[in-house]
file work-v8.txt (compact mmCIF, C-alpha atoms and all ligand atoms)
# COMPACT_ATOMS: atom_id res chain seq x y z
CA MET S 1120 -11.67 19.24 -8.27
CA ASP S 1121 -13.10 17.21 -5.36
CA GLY S 1122 -11.92 18.42 -1.94
CA PRO S 1123 -11.34 15.86 0.81
CA ASP S 1124 -14.37 17.03 2.82
CA GLU S 1125 -16.91 16.38 0.10
CA ARG S 1126 -15.69 12.82 -0.28
CA ALA S 1127 -15.64 11.99 3.44
CA GLU S 1128 -19.46 12.09 3.58
CA THR S 1129 -19.77 9.68 0.71
CA GLY S 1130 -17.10 7.24 1.98
CA PRO S 1131 -17.82 3.52 1.69
CA ALA S 1132 -18.60 2.68 5.36
CA PRO S 1133 -22.26 3.85 5.35
CA ARG S 1134 -22.78 2.25 1.94
CA VAL S 1135 -21.40 -1.10 3.01
CA ARG S 1136 -23.55 -1.13 6.16
CA GLU S 1137 -26.70 -0.39 4.21
CA ALA S 1138 -25.87 -2.93 1.51
CA TYR S 1139 -25.20 -5.58 4.15
CA GLU S 1140 -28.57 -4.95 5.80
CA ASP S 1141 -30.39 -5.17 2.45
CA TRP S 1142 -28.58 -8.33 1.46
CA VAL S 1143 -28.49 -10.32 4.71
CA GLY S 1144 -31.56 -8.84 6.42
CA ALA S 1145 -29.68 -8.04 9.64
CA SER S 1146 -27.04 -5.56 10.82
CA PRO S 1147 -23.43 -6.58 10.36
CA ASP S 1148 -21.57 -7.73 13.48
CA ALA S 1149 -18.65 -5.45 12.63
CA VAL S 1150 -17.46 -3.05 9.92
CA ALA S 1151 -13.80 -2.28 9.25
CA VAL S 1152 -12.42 0.61 7.25
CA ALA S 1153 -8.85 0.62 5.93
CA PRO S 1154 -7.15 3.24 3.75
CA GLY S 1155 -5.11 3.21 0.57
CA ARG S 1156 -1.76 5.02 0.67
CA VAL S 1157 0.65 7.25 -1.15
CA ASN S 1158 4.35 6.71 -0.88
CA LEU S 1159 6.18 9.99 -0.32
CA VAL S 1160 9.65 8.47 -0.73
CA GLY S 1161 10.96 4.90 -0.69
CA GLY S 1162 9.90 3.26 -3.96
CA HIS S 1163 10.72 -0.44 -4.32
CA VAL S 1164 12.64 -0.38 -1.07
CA ASP S 1165 10.29 -2.46 1.10
CA TYR S 1166 11.09 -5.84 -0.43
CA ASN S 1167 14.77 -4.91 -0.18
CA GLY S 1168 14.51 -4.64 3.61
CA GLY S 1169 14.86 -0.85 3.71
CA VAL S 1170 13.07 2.12 5.27
CA VAL S 1171 10.10 3.82 3.54
CA LEU S 1172 8.02 6.96 4.09
CA PRO S 1173 4.38 6.45 3.02
CA ALA S 1174 1.16 8.04 4.26
CA PRO S 1175 -2.39 6.65 4.42
CA ILE S 1176 -4.95 8.61 2.38
CA ASP S 1177 -8.62 9.41 2.88
CA ARG S 1178 -9.75 6.91 0.25
CA THR S 1179 -10.80 3.73 2.00
CA THR S 1180 -12.17 0.22 1.68
CA ALA S 1181 -14.96 -0.84 4.02
CA VAL S 1182 -15.75 -4.46 4.84
CA ALA S 1183 -18.87 -5.52 6.77
CA VAL S 1184 -19.15 -9.01 8.26
CA GLY S 1185 -21.51 -11.25 10.12
CA ALA S 1186 -21.11 -14.86 11.23
CA ARG S 1187 -22.70 -17.75 9.33
CA PRO S 1188 -23.66 -21.03 10.96
CA ASP S 1189 -21.70 -23.09 8.38
CA SER S 1190 -18.11 -22.85 7.15
CA GLN S 1191 -18.82 -20.99 3.92
CA LEU S 1192 -17.62 -17.55 3.00
CA ARG S 1193 -20.14 -15.54 0.98
CA VAL S 1194 -18.60 -12.33 -0.31
CA ARG S 1195 -20.37 -9.53 -2.13
CA SER S 1196 -18.52 -6.70 -3.90
CA LEU S 1197 -20.51 -3.54 -4.55
CA ALA S 1198 -17.96 -2.36 -7.12
CA PHE S 1199 -18.19 -5.52 -9.23
CA ASP S 1200 -21.83 -6.22 -8.35
CA GLU S 1201 -20.83 -9.85 -7.87
CA THR S 1202 -21.13 -12.48 -5.16
CA VAL S 1203 -18.71 -15.36 -4.64
CA THR S 1204 -19.54 -18.25 -2.29
CA ALA S 1205 -17.00 -20.95 -1.43
CA PRO S 1206 -15.68 -22.92 1.57
CA LEU S 1207 -13.58 -20.93 4.08
CA ALA S 1208 -10.22 -22.41 3.18
CA SER S 1209 -10.44 -21.94 -0.59
CA VAL S 1210 -8.97 -19.08 -2.66
CA PRO S 1211 -10.98 -18.37 -5.84
CA ASP S 1212 -9.63 -16.29 -8.74
CA GLY S 1213 -10.21 -12.57 -9.23
CA TRP S 1214 -11.04 -9.86 -6.70
CA ALA S 1215 -12.48 -12.34 -4.16
CA ALA S 1216 -9.03 -13.96 -3.76
CA TYR S 1217 -7.97 -11.11 -1.48
CA VAL S 1218 -10.90 -11.60 0.88
CA PHE S 1219 -10.65 -15.39 0.95
CA GLY S 1220 -6.84 -15.17 1.27
CA ALA S 1221 -7.11 -12.74 4.18
CA VAL S 1222 -9.57 -14.98 6.05
CA ALA S 1223 -7.48 -18.09 5.32
CA ALA S 1224 -4.29 -16.37 6.51
CA LEU S 1225 -6.02 -15.27 9.71
CA ALA S 1226 -7.40 -18.75 10.32
CA GLU S 1227 -4.05 -20.56 10.00
CA PRO S 1228 -3.95 -22.51 13.27
CA ASP S 1229 -0.26 -22.89 13.95
CA ARG S 1230 1.36 -19.68 12.80
CA ASP S 1231 2.60 -16.99 15.16
CA THR S 1232 3.06 -13.40 14.12
CA GLU S 1233 6.39 -11.68 14.67
CA ASP S 1234 5.18 -9.92 17.79
CA GLY S 1235 4.10 -13.27 19.24
CA GLU S 1236 0.35 -12.98 18.75
CA ARG S 1237 -1.51 -16.13 17.69
CA PRO S 1238 -4.06 -15.20 15.04
CA GLY S 1239 -5.88 -18.51 14.96
CA ALA S 1240 -5.78 -19.05 18.74
CA GLY S 1241 -8.82 -19.50 20.92
CA VAL S 1242 -11.61 -19.78 18.41
CA ALA S 1243 -12.79 -22.05 15.64
CA PRO S 1244 -13.15 -19.81 12.58
CA SER S 1245 -16.81 -19.41 11.63
CA GLY S 1246 -18.26 -18.95 8.19
CA LEU S 1247 -18.82 -15.33 7.24
CA GLU S 1248 -21.09 -13.08 5.26
CA VAL S 1249 -18.95 -10.29 3.82
CA VAL S 1250 -19.80 -7.12 1.91
CA VAL S 1251 -17.08 -4.92 0.41
CA ALA S 1252 -17.23 -1.34 -0.85
CA SER S 1253 -14.33 0.94 -1.68
CA ASP S 1254 -13.39 4.31 -3.06
CA VAL S 1255 -9.74 3.38 -3.49
CA PRO S 1256 -9.47 3.11 -7.28
CA LEU S 1257 -8.28 -0.29 -8.53
CA GLY S 1258 -4.94 -0.56 -10.35
CA ALA S 1259 -4.14 3.09 -9.53
CA GLY S 1260 -1.05 2.38 -7.41
CA LEU S 1261 -2.88 3.45 -4.26
CA SER S 1262 -2.81 0.02 -2.71
CA SER S 1263 -6.42 -1.06 -3.07
CA SER S 1264 -5.51 -4.71 -2.50
CA ALA S 1265 -3.71 -4.02 0.80
CA ALA S 1266 -6.67 -1.92 1.98
CA LEU S 1267 -9.01 -4.83 1.19
CA CYS S 1268 -6.84 -7.43 2.92
CA VAL S 1269 -6.20 -5.23 5.98
CA ALA S 1270 -9.90 -4.39 6.38
CA THR S 1271 -10.84 -8.06 6.00
CA VAL S 1272 -8.27 -9.29 8.54
CA GLY S 1273 -9.23 -6.48 10.94
CA VAL S 1274 -12.95 -7.16 10.76
CA ALA S 1275 -12.71 -10.96 10.97
CA ASP S 1276 -10.27 -10.63 13.89
CA ALA S 1277 -12.76 -8.39 15.73
CA LEU S 1278 -15.64 -10.78 15.10
CA TRP S 1279 -13.77 -13.93 16.10
CA THR S 1280 -12.37 -12.21 19.21
CA ARG S 1281 -15.87 -11.27 20.29
CA ARG S 1282 -17.08 -14.83 19.75
CA ALA S 1283 -14.17 -16.14 21.84
CA ALA S 1284 -15.01 -13.88 24.79
CA ASP S 1285 -16.74 -16.76 26.64
CA THR S 1286 -14.04 -19.36 26.01
CA PRO S 1287 -11.36 -19.99 28.65
CA GLY S 1288 -8.54 -17.51 28.17
CA GLY S 1289 -10.52 -15.72 25.45
CA ARG S 1290 -8.60 -14.24 22.59
CA ARG S 1291 -6.83 -10.91 22.28
CA ARG S 1292 -7.34 -8.57 19.33
CA LEU S 1293 -4.29 -8.46 17.07
CA SER S 1294 -1.96 -5.47 17.08
CA CYS S 1295 -1.95 -3.35 13.90
CA GLU S 1296 1.48 -4.80 13.03
CA SER S 1297 0.08 -8.33 13.25
CA VAL S 1298 -2.96 -7.40 11.15
CA ALA S 1299 -0.52 -6.04 8.54
CA GLU S 1300 1.62 -9.16 8.66
CA ILE S 1301 -1.38 -11.45 8.13
CA ALA S 1302 -2.73 -9.24 5.33
CA TRP S 1303 0.72 -9.43 3.73
CA ARG S 1304 0.72 -13.24 4.04
CA ALA S 1305 -2.67 -13.23 2.35
CA GLU S 1306 -1.22 -11.42 -0.67
CA THR S 1307 2.12 -13.21 -0.85
CA GLU S 1308 1.16 -16.76 0.17
CA PHE S 1309 -2.50 -17.05 -0.81
CA VAL S 1310 -2.93 -14.67 -3.76
CA GLY S 1311 0.66 -15.07 -4.96
CA THR S 1312 2.03 -11.50 -5.33
CA ASP S 1313 5.66 -11.05 -4.33
CA CYS S 1314 5.04 -7.62 -2.72
CA GLY S 1315 6.75 -5.99 0.26
CA ILE S 1316 4.97 -5.07 3.49
CA MET S 1317 4.85 -1.26 3.16
CA ASP S 1318 1.24 -1.02 1.98
CA GLN S 1319 -0.19 -3.32 4.64
CA LEU S 1320 1.66 -1.61 7.51
CA THR S 1321 0.57 1.81 6.26
CA SER S 1322 -3.05 0.78 5.94
CA ALA S 1323 -3.16 -1.01 9.31
CA CYS S 1324 -1.05 1.36 11.45
CA GLY S 1325 -1.64 4.79 9.91
CA GLN S 1326 -2.49 7.80 11.99
CA ALA S 1327 -4.43 10.80 10.61
CA GLY S 1328 -2.22 13.75 9.72
CA HIS S 1329 0.99 11.70 9.90
CA ALA S 1330 3.35 10.07 7.46
CA LEU S 1331 4.86 6.78 8.60
CA ARG S 1332 8.52 5.88 8.82
CA ILE S 1333 8.51 2.13 8.38
CA ASP S 1334 11.54 -0.07 8.76
CA CYS S 1335 10.62 -2.98 6.52
CA ARG S 1336 13.31 -5.22 7.96
CA ASP S 1337 12.29 -5.18 11.62
CA ARG S 1338 8.78 -3.96 10.75
CA THR S 1339 8.74 -1.10 13.21
CA VAL S 1340 6.52 1.89 12.48
CA SER S 1341 6.79 5.44 13.80
CA SER S 1342 4.75 8.44 12.75
CA VAL S 1343 5.98 11.84 11.62
CA PRO S 1344 3.48 14.75 11.53
CA MET S 1345 2.68 16.27 8.15
CA PRO S 1346 2.89 20.08 8.33
CA ASP S 1347 -0.48 21.89 8.10
CA ASP S 1348 0.69 24.07 5.23
CA ALA S 1349 1.29 21.09 2.92
CA ALA S 1350 -1.29 19.81 0.46
CA LEU S 1351 -1.14 16.45 -1.29
CA LEU S 1352 -2.46 16.00 -4.80
CA VAL S 1353 -3.03 12.63 -6.39
CA ALA S 1354 -2.98 12.45 -10.18
CA ASP S 1355 -4.27 9.07 -11.30
CA THR S 1356 -3.14 8.51 -14.89
CA THR S 1357 -5.96 5.95 -15.20
CA VAL S 1358 -3.43 3.66 -16.86
CA ALA S 1359 -4.03 0.57 -14.72
CA HIS S 1360 -1.24 -1.80 -13.84
CA GLU S 1361 -1.65 -4.93 -11.79
CA LEU S 1362 1.22 -6.17 -9.63
CA ARG S 1363 0.28 -9.62 -10.83
CA ASP S 1364 1.19 -8.72 -14.42
CA GLY S 1365 4.78 -9.88 -13.97
CA ASP S 1366 6.94 -6.75 -14.41
CA TYR S 1367 6.98 -6.15 -10.68
CA ASP S 1368 8.13 -9.72 -10.03
CA GLU S 1369 10.91 -9.14 -12.58
CA ARG S 1370 12.21 -6.18 -10.53
CA VAL S 1371 12.04 -8.25 -7.34
CA ALA S 1372 14.06 -11.00 -9.08
CA GLU S 1373 16.61 -8.47 -10.42
CA CYS S 1374 17.19 -7.17 -6.89
CA ARG S 1375 17.73 -10.73 -5.64
CA GLU S 1376 20.30 -11.27 -8.38
CA ALA S 1377 22.04 -7.99 -7.47
CA VAL S 1378 22.20 -9.18 -3.85
CA ALA S 1379 23.74 -12.51 -4.92
CA ARG S 1380 26.38 -10.73 -7.02
CA LEU S 1381 27.20 -8.24 -4.25
CA ASP S 1382 27.40 -11.07 -1.74
CA GLU S 1383 30.18 -12.57 -3.88
CA ALA S 1384 31.89 -9.25 -4.57
CA LEU S 1385 32.01 -7.85 -1.03
CA ASP S 1386 34.01 -9.45 1.77
CA ARG S 1387 31.03 -9.67 4.12
CA PRO S 1388 27.64 -11.34 3.82
CA VAL S 1389 24.97 -9.34 1.95
CA GLU S 1390 21.42 -10.40 2.69
CA SER S 1391 19.58 -7.53 1.08
CA LEU S 1392 20.28 -4.24 -0.68
CA ARG S 1393 19.71 -2.59 2.70
CA ASP S 1394 23.19 -3.86 3.65
CA VAL S 1395 24.90 -2.00 0.79
CA SER S 1396 25.83 1.66 0.19
CA PRO S 1397 25.60 3.59 -3.10
CA ASP S 1398 29.44 3.83 -3.08
CA GLU S 1399 29.76 0.06 -2.90
CA VAL S 1400 27.34 -0.32 -5.80
CA ALA S 1401 29.39 2.19 -7.82
CA ALA S 1402 32.65 0.40 -6.96
CA HIS S 1403 31.25 -2.95 -8.12
CA ALA S 1404 29.16 -1.73 -11.07
CA ASP S 1405 31.13 -3.83 -13.59
CA ARG S 1406 30.75 -6.97 -11.56
CA LEU S 1407 27.04 -6.27 -11.15
CA GLY S 1408 26.48 -5.65 -14.86
CA ASP S 1409 23.32 -4.54 -16.61
CA PRO S 1410 20.55 -4.02 -15.39
CA TYR S 1411 21.57 -5.05 -11.87
CA ALA S 1412 23.92 -2.11 -11.22
CA ALA S 1413 21.17 0.37 -12.11
CA ARG S 1414 18.56 -1.42 -10.01
CA ALA S 1415 20.91 -1.55 -7.01
CA ARG S 1416 21.84 2.10 -7.52
CA HIS S 1417 18.17 3.09 -7.33
CA VAL S 1418 17.49 1.10 -4.16
CA THR S 1419 20.60 2.23 -2.28
CA THR S 1420 20.29 5.90 -3.22
CA GLU S 1421 16.55 5.74 -2.47
CA SER S 1422 17.36 4.58 1.06
CA ASP S 1423 19.50 7.68 1.53
CA ARG S 1424 16.66 9.79 0.14
CA VAL S 1425 14.26 8.35 2.72
CA ASP S 1426 16.60 9.44 5.54
CA GLU S 1427 16.80 12.89 3.97
CA ALA S 1428 13.01 13.05 3.55
CA VAL S 1429 12.38 12.05 7.17
CA SER S 1430 14.66 14.80 8.44
CA ALA S 1431 13.09 17.31 6.02
CA LEU S 1432 9.63 16.35 7.29
CA GLU S 1433 10.72 16.59 10.92
CA ALA S 1434 12.00 20.09 10.17
CA ALA S 1435 8.76 20.87 8.26
CA ASP S 1436 10.99 21.82 5.30
CA LEU S 1437 8.59 21.27 2.41
CA THR S 1438 10.97 22.58 -0.24
CA ARG S 1439 13.58 20.00 0.72
CA LEU S 1440 11.03 17.20 1.04
CA GLY S 1441 9.55 18.00 -2.37
CA GLY S 1442 13.01 18.12 -3.92
CA VAL S 1443 13.75 14.65 -2.60
CA MET S 1444 10.41 13.35 -3.95
CA THR S 1445 11.21 14.59 -7.47
CA GLU S 1446 14.73 13.14 -7.29
CA ALA S 1447 13.20 9.84 -6.19
CA HIS S 1448 10.96 9.94 -9.23
CA ARG S 1449 13.88 10.48 -11.60
CA SER S 1450 15.67 7.51 -10.12
CA LEU S 1451 12.56 5.33 -10.49
CA ALA S 1452 12.16 6.42 -14.11
CA THR S 1453 15.80 5.95 -15.12
CA ASP S 1454 17.62 3.42 -12.94
CA TYR S 1455 14.56 1.41 -12.00
CA ALA S 1456 12.76 1.86 -15.35
CA VAL S 1457 9.21 1.60 -13.98
CA SER S 1458 7.66 4.76 -15.47
CA CYS S 1459 5.63 5.31 -18.64
CA ALA S 1460 4.70 8.24 -20.93
CA GLU S 1461 1.54 9.21 -19.02
CA VAL S 1462 3.33 9.29 -15.65
CA GLU S 1463 6.19 11.33 -17.13
CA ALA S 1464 3.79 13.89 -18.63
CA VAL S 1465 1.94 14.27 -15.31
CA VAL S 1466 5.16 14.69 -13.31
CA ALA S 1467 6.46 17.22 -15.84
CA GLY S 1468 3.19 19.21 -15.71
CA LEU S 1469 3.19 19.24 -11.91
CA THR S 1470 6.84 20.07 -11.31
CA ALA S 1471 6.72 22.97 -13.81
CA THR S 1472 3.97 24.65 -11.73
CA ASP S 1473 4.71 27.34 -9.15
CA GLY S 1474 3.85 26.19 -5.65
CA VAL S 1475 4.55 22.50 -6.34
CA TYR S 1476 7.38 21.32 -4.07
CA GLY S 1477 7.84 17.96 -5.77
CA ALA S 1478 6.11 14.99 -7.40
CA ARG S 1479 6.72 11.31 -7.88
CA MET S 1480 5.00 8.16 -9.02
CA VAL S 1481 3.56 5.86 -6.36
CA GLY S 1482 3.01 2.12 -6.26
CA GLY S 1483 4.58 -0.55 -8.43
CA GLY S 1484 4.91 1.48 -11.64
CA TRP S 1485 4.05 1.38 -15.38
CA GLY S 1486 1.00 3.58 -14.82
CA GLY S 1487 -1.03 4.25 -11.71
CA SER S 1488 -0.78 7.52 -9.83
CA VAL S 1489 1.57 10.39 -9.10
CA VAL S 1490 1.61 12.19 -5.76
CA ALA S 1491 2.58 15.86 -5.52
CA LEU S 1492 3.42 17.91 -2.46
CA THR S 1493 2.12 21.43 -3.00
CA ASP S 1494 1.32 24.72 -1.42
CA PRO S 1495 -2.44 24.60 -0.59
CA ASP S 1496 -3.03 27.59 -2.90
CA ALA S 1497 -1.44 25.81 -5.86
CA THR S 1498 -3.64 22.70 -6.08
CA GLU S 1499 -6.00 24.02 -8.80
CA THR S 1500 -3.26 25.26 -11.13
CA ALA S 1501 -1.14 22.18 -10.52
CA GLY S 1502 -4.06 19.86 -11.28
CA ARG S 1503 -4.84 21.76 -14.46
CA ALA S 1504 -1.20 21.67 -15.57
CA ALA S 1505 -0.99 17.90 -14.98
CA ARG S 1506 -4.19 17.27 -16.93
CA GLU S 1507 -3.31 19.51 -19.85
CA ARG S 1508 0.22 18.22 -20.26
CA CYS S 1509 -0.85 14.59 -20.09
CA GLU S 1510 -3.73 15.12 -22.53
CA ARG S 1511 -1.49 16.98 -24.96
CA GLU S 1512 1.37 14.47 -24.87
CA THR S 1513 -0.50 11.18 -24.58
CA GLY S 1514 -4.20 11.76 -25.24
CA VAL S 1515 -5.04 10.43 -21.75
CA THR S 1516 -6.88 12.58 -19.17
CA PRO S 1517 -5.70 11.91 -15.62
CA ASP S 1518 -8.06 12.10 -12.67
CA VAL S 1519 -6.59 14.68 -10.26
CA TYR S 1520 -7.80 15.28 -6.72
CA GLU S 1521 -6.57 16.56 -3.41
CA THR S 1522 -6.15 14.00 -0.66
CA ARG S 1523 -5.83 14.28 3.08
CA VAL S 1524 -3.58 12.04 5.17
CA GLY S 1525 -6.19 9.72 6.63
CA ASP S 1526 -6.39 7.27 9.51
CA GLY S 1527 -5.27 3.67 9.56
CA LEU S 1528 -7.54 0.66 10.10
CA ARG S 1529 -10.52 1.20 12.35
CA VAL S 1530 -13.17 -1.30 13.32
CA GLU S 1531 -16.71 -0.25 14.20
CA ARG S 1532 -19.49 -2.40 15.58
C1 LIG N 1601 3.63 -1.95 -4.67
C2 LIG N 1601 3.90 -3.03 -3.64
C3 LIG N 1601 4.69 -2.49 -2.47
C4 LIG N 1601 5.93 -1.72 -2.94
C5 LIG N 1601 5.56 -0.73 -4.03
C6 LIG N 1601 6.77 -0.04 -4.63
O1 LIG N 1601 2.77 -0.99 -4.14
O2 LIG N 1601 2.70 -3.59 -3.16
O3 LIG N 1601 5.05 -3.55 -1.60
O4 LIG N 1601 6.94 -2.57 -3.33
O5 LIG N 1601 4.84 -1.34 -5.08
O6 LIG N 1601 7.37 0.77 -3.70

call {"tool": "encode", "arguments": {"input": "work-v8.txt", "output": "structure tokens"}}
result
Amino acid sequence: MDGPDERAETGPAPRVREAYEDWVGASPDAVAVAPGRVNLVGGHVDYNGGVVLPAPIDRTTAVAVGARPDSQLRVRSLAFDETVTAPLASVPDGWAAYVFGAVAALAEPDRDTEDGERPGAGVAPSGLEVVVASDVPLGAGLSSSAALCVATVGVADALWTRRAADTPGGRRRLSCESVAEIAWRAETEFVGTDCGIMDQLTSACGQAGHALRIDCRDRTVSSVPMPDDAALLVADTTVAHELRDGDYDERVAECREAVARLDEALDRPVESLRDVSPDEVAAHADRLGDPYAARARHVTTESDRVDEAVSALEAADLTRLGGVMTEAHRSLATDYAVSCAEVEAVVAGLTATDGVYGARMVGGGWGGSVVALTDPDATETAGRAARERCERETGVTPDVYETRVGDGLRVER
């Protein structure tokens, strides 16, 4: 199994720099690196306005940029070995949509961010040469698209700020919260995915060695240290699922319907499932009906589990934290119905292994990855158990590796 240290040396930042130099014939003006994430607890809570507990990982996406004299964006992906060239304001199909969407969202002239920063202020957006490399696997539930959008917003923001240095008033670099907000706009408004903001805030604001407590309603982020004696394993089922496939949007719509029904049933306004307790969902289960009662039960009980997980983490109580993670998984599999046979086999293999505190699926669902919290001495046996069980039950071999809690967005010259 790959350890985190071996991978760090082969991360995508040096590759993207070298590829940029070969391709453009000059050094990039800036390189940004942004991580993927695992979600310890708080599945499908972000778009319901709740609190989540994710952590950035040491798998990252690197984006190198340089200015162009025209208003074209020329983007090269090392993973796809493809180049897409189009005017700045357009959003082509496929992987390039995330890069174009991120630049377009950053260049919007008249939009403020929630913390009052003006992304488009002070500089006319220039055309860009962009090279992208990543070791966040695609469709694995580890938030590769957020990492790409966050790195792109971060790097273009750095470049345009530098170019504005000589203009009156200049331009300030965006805060990590604003970078996340613009990256989220790129995905929701330009690419067209109805996702929450957890992934973008984690990728932009992460801090090495820390999980993040994110309030997705007021978008505040605080970090909680991960204990040194905890290891994190990622088991990627290799069953890819794209958020754009439609099932995710169906869950978002079901939650909206549950909110509408609870708003009628309760004698106070309900704006999101954040405003409702598990007891209230139970009391109005008939009125909510199927599947809305089950969906609302997952979201409201998951919010309680996040509180429990945060206090377990603060107390460095890994047994309690792991227990909450496994409970969260059961709720996702039953009430939220977003699991699949491969994920179930991996979770069963992991949780039956000594030294594993808990395991749960991450990301949108229907495939992707599972994260397990384990004793550092148990990673080999746990990985083997996950692989064997999944192979035996489904014929699929998951890719299992240890991950370290990495840093959030960083921009290098
Ligand atoms: C995907 C979305 C996130 C979040 C998770 C489920 O990763 O991008 O916004 O909703 O699914 O927790």

call {"tool": "closest_atom_pairs", "arguments": {"input": "work-v8.txt", "of": "chain S", "to": "ligand LIG 1601 (chain N)", "cutoff": "10 Å", "atoms": "only C-alpha atoms and all ligand atoms", "output": "tab-separated table"}}
result
residue	atom	partner	partner_atom	distance
S:Arg1156	CA	N:LIG1601	O1	8.9
S:Val1157	CA	N:LIG1601	O1	9.0
S:Asn1158	CA	N:LIG1601	O6	7.2
S:Leu1159	CA	N:LIG1601	O6	9.9
S:Val1160	CA	N:LIG1601	O6	8.6
S:Gly1161	CA	N:LIG1601	O6	6.2
S:Gly1162	CA	N:LIG1601	O6	3.6
S:His1163	CA	N:LIG1601	O6	3.6
S:Val1164	CA	N:LIG1601	O6	6.0
S:Asp1165	CA	N:LIG1601	O4	5.6
S:Tyr1166	CA	N:LIG1601	O4	6.0
S:Asn1167	CA	N:LIG1601	O4	8.8
S:Val1171	CA	N:LIG1601	O6	8.3
S:Leu1172	CA	N:LIG1601	O6	10.0
S:Pro1173	CA	N:LIG1601	O6	9.3
S:Gly1258	CA	N:LIG1601	O1	9.9
S:Ala1259	CA	N:LIG1601	O1	9.7
S:Gly1260	CA	N:LIG1601	O1	6.1
S:Leu1261	CA	N:LIG1601	O1	7.2
S:Ser1262	CA	N:LIG1601	O1	5.8
S:Ser1263	CA	N:LIG1601	O1	9.3
S:Ser1264	CA	N:LIG1601	O2	8.3
S:Ala1265	CA	N:LIG1601	O2	7.5
S:Trp1303	CA	N:LIG1601	O3	9.0
S:Glu1306	CA	N:LIG1601	O2	9.1
S:Thr1307	CA	N:LIG1601	O2	9.9
S:Thr1312	CA	N:LIG1601	O2	8.2
S:Asp1313	CA	N:LIG1601	O3	8.0
S:Cys1314	CA	N:LIG1601	O3	4.2
S:Gly1315	CA	N:LIG1601	O3	3.5
S:Ile1316	CA	N:LIG1601	O3	5.3
S:Met1317	CA	N:LIG1601	O3	5.3
S:Asp1318	CA	N:LIG1601	O3	5.8
S:Gln1319	CA	N:LIG1601	O3	8.2
S:Leu1320	CA	N:LIG1601	O3	9.9
S:Cys1335	CA	N:LIG1601	O3	9.9
S:Glu1361	CA	N:LIG1601	C1	9.4
S:Leu1362	CA	N:LIG1601	C1	6.9
S:Tyr1367	CA	N:LIG1601	O5	7.7
S:Asp1368	CA	N:LIG1601	O4	9.9
S:Arg1370	CA	N:LIG1601	O4	9.6
S:Val1371	CA	N:LIG1601	O4	8.6
S:Leu1451	CA	N:LIG1601	O6	9.7
S:Val1457	CA	N:LIG1601	C6	9.8
S:Met1480	CA	N:LIG1601	O6	9.4
S:Val1481	CA	N:LIG1601	O6	6.9
S:Gly1482	CA	N:LIG1601	O1	3.8
S:Gly1483	CA	N:LIG1601	O5	3.5
S:Gly1484	CA	N:LIG1601	O5	7.1
S:Gly1487	CA	N:LIG1601	O1	10.0

call {"tool": "residues_around", "arguments": {"input": "work-v8.txt", "residues": "Leu1225 of chain S", "least_positions_apart": "6", "cutoff": "10 Å", "atoms": "all atoms listed in the file", "output": "PyMOL selection string"}}
result
chain S and resi 1219+1237-1240+1244+1271-1273+1275-1276+1297-1298+1300-1302+1304-1305

call {"tool": "atom_distance", "arguments": {"input": "work-v8.txt", "atom1": "atom CA of Arg1282 of chain S", "atom2": "atom CA of Phe1309 of chain S"}}
result
25.3 Å

call {"tool": "closest_atom_pairs", "arguments": {"input": "work-v8.txt", "of": "segment 1297-1386 of chain S", "to": "segment 1489-1496 of chain S", "cutoff": "12 Å", "atoms": "only C-alpha atoms", "output": "JSON lines"}}
result
{"residue": "S:Met1345", "atom": "CA", "partner": "S:Leu1492", "partner_atom": "CA", "distance": 10.8}
{"residue": "S:Pro1346", "atom": "CA", "partner": "S:Asp1494", "partner_atom": "CA", "distance": 10.9}
{"residue": "S:Asp1347", "atom": "CA", "partner": "S:Pro1495", "partner_atom": "CA", "distance": 9.3}
{"residue": "S:Asp1348", "atom": "CA", "partner": "S:Pro1495", "partner_atom": "CA", "distance": 6.6}
{"residue": "S:Ala1349", "atom": "CA", "partner": "S:Asp1494", "partner_atom": "CA", "distance": 5.7}
{"residue": "S:Ala1350", "atom": "CA", "partner": "S:Pro1495", "partner_atom": "CA", "distance": 5.0}
{"residue": "S:Leu1351", "atom": "CA", "partner": "S:Leu1492", "partner_atom": "CA", "distance": 4.9}
{"residue": "S:Leu1352", "atom": "CA", "partner": "S:Ala1491", "partner_atom": "CA", "distance": 5.1}
{"residue": "S:Val1353", "atom": "CA", "partner": "S:Val1490", "partner_atom": "CA", "distance": 4.7}
{"residue": "S:Ala1354", "atom": "CA", "partner": "S:Val1489", "partner_atom": "CA", "distance": 5.1}
{"residue": "S:Asp1355", "atom": "CA", "partner": "S:Val1489", "partner_atom": "CA", "distance": 6.4}
{"residue": "S:Thr1356", "atom": "CA", "partner": "S:Val1489", "partner_atom": "CA", "distance": 7.7}
{"residue": "S:Thr1357", "atom": "CA", "partner": "S:Val1489", "partner_atom": "CA", "distance": 10.7}
{"residue": "S:Val1358", "atom": "CA", "partner": "S:Val1489", "partner_atom": "CA", "distance": 11.4}

call {"tool": "write_last_selection", "arguments": {"input": "work-v8.txt", "atoms": "C-alpha atoms", "output": "CSV table (one decimal), in the coordinates of the input"}}
result
chain,number,residue,atom,x,y,z
S,1345,MET,CA,2.7,16.3,8.2
S,1346,PRO,CA,2.9,20.1,8.3
S,1347,ASP,CA,-0.5,21.9,8.1
S,1348,ASP,CA,0.7,24.1,5.2
S,1349,ALA,CA,1.3,21.1,2.9
S,1350,ALA,CA,-1.3,19.8,0.5
S,1351,LEU,CA,-1.1,16.4,-1.3
S,1352,LEU,CA,-2.5,16.0,-4.8
S,1353,VAL,CA,-3.0,12.6,-6.4
S,1354,ALA,CA,-3.0,12.4,-10.2
S,1355,ASP,CA,-4.3,9.1,-11.3
S,1356,THR,CA,-3.1,8.5,-14.9
S,1357,THR,CA,-6.0,6.0,-15.2
S,1358,VAL,CA,-3.4,3.7,-16.9
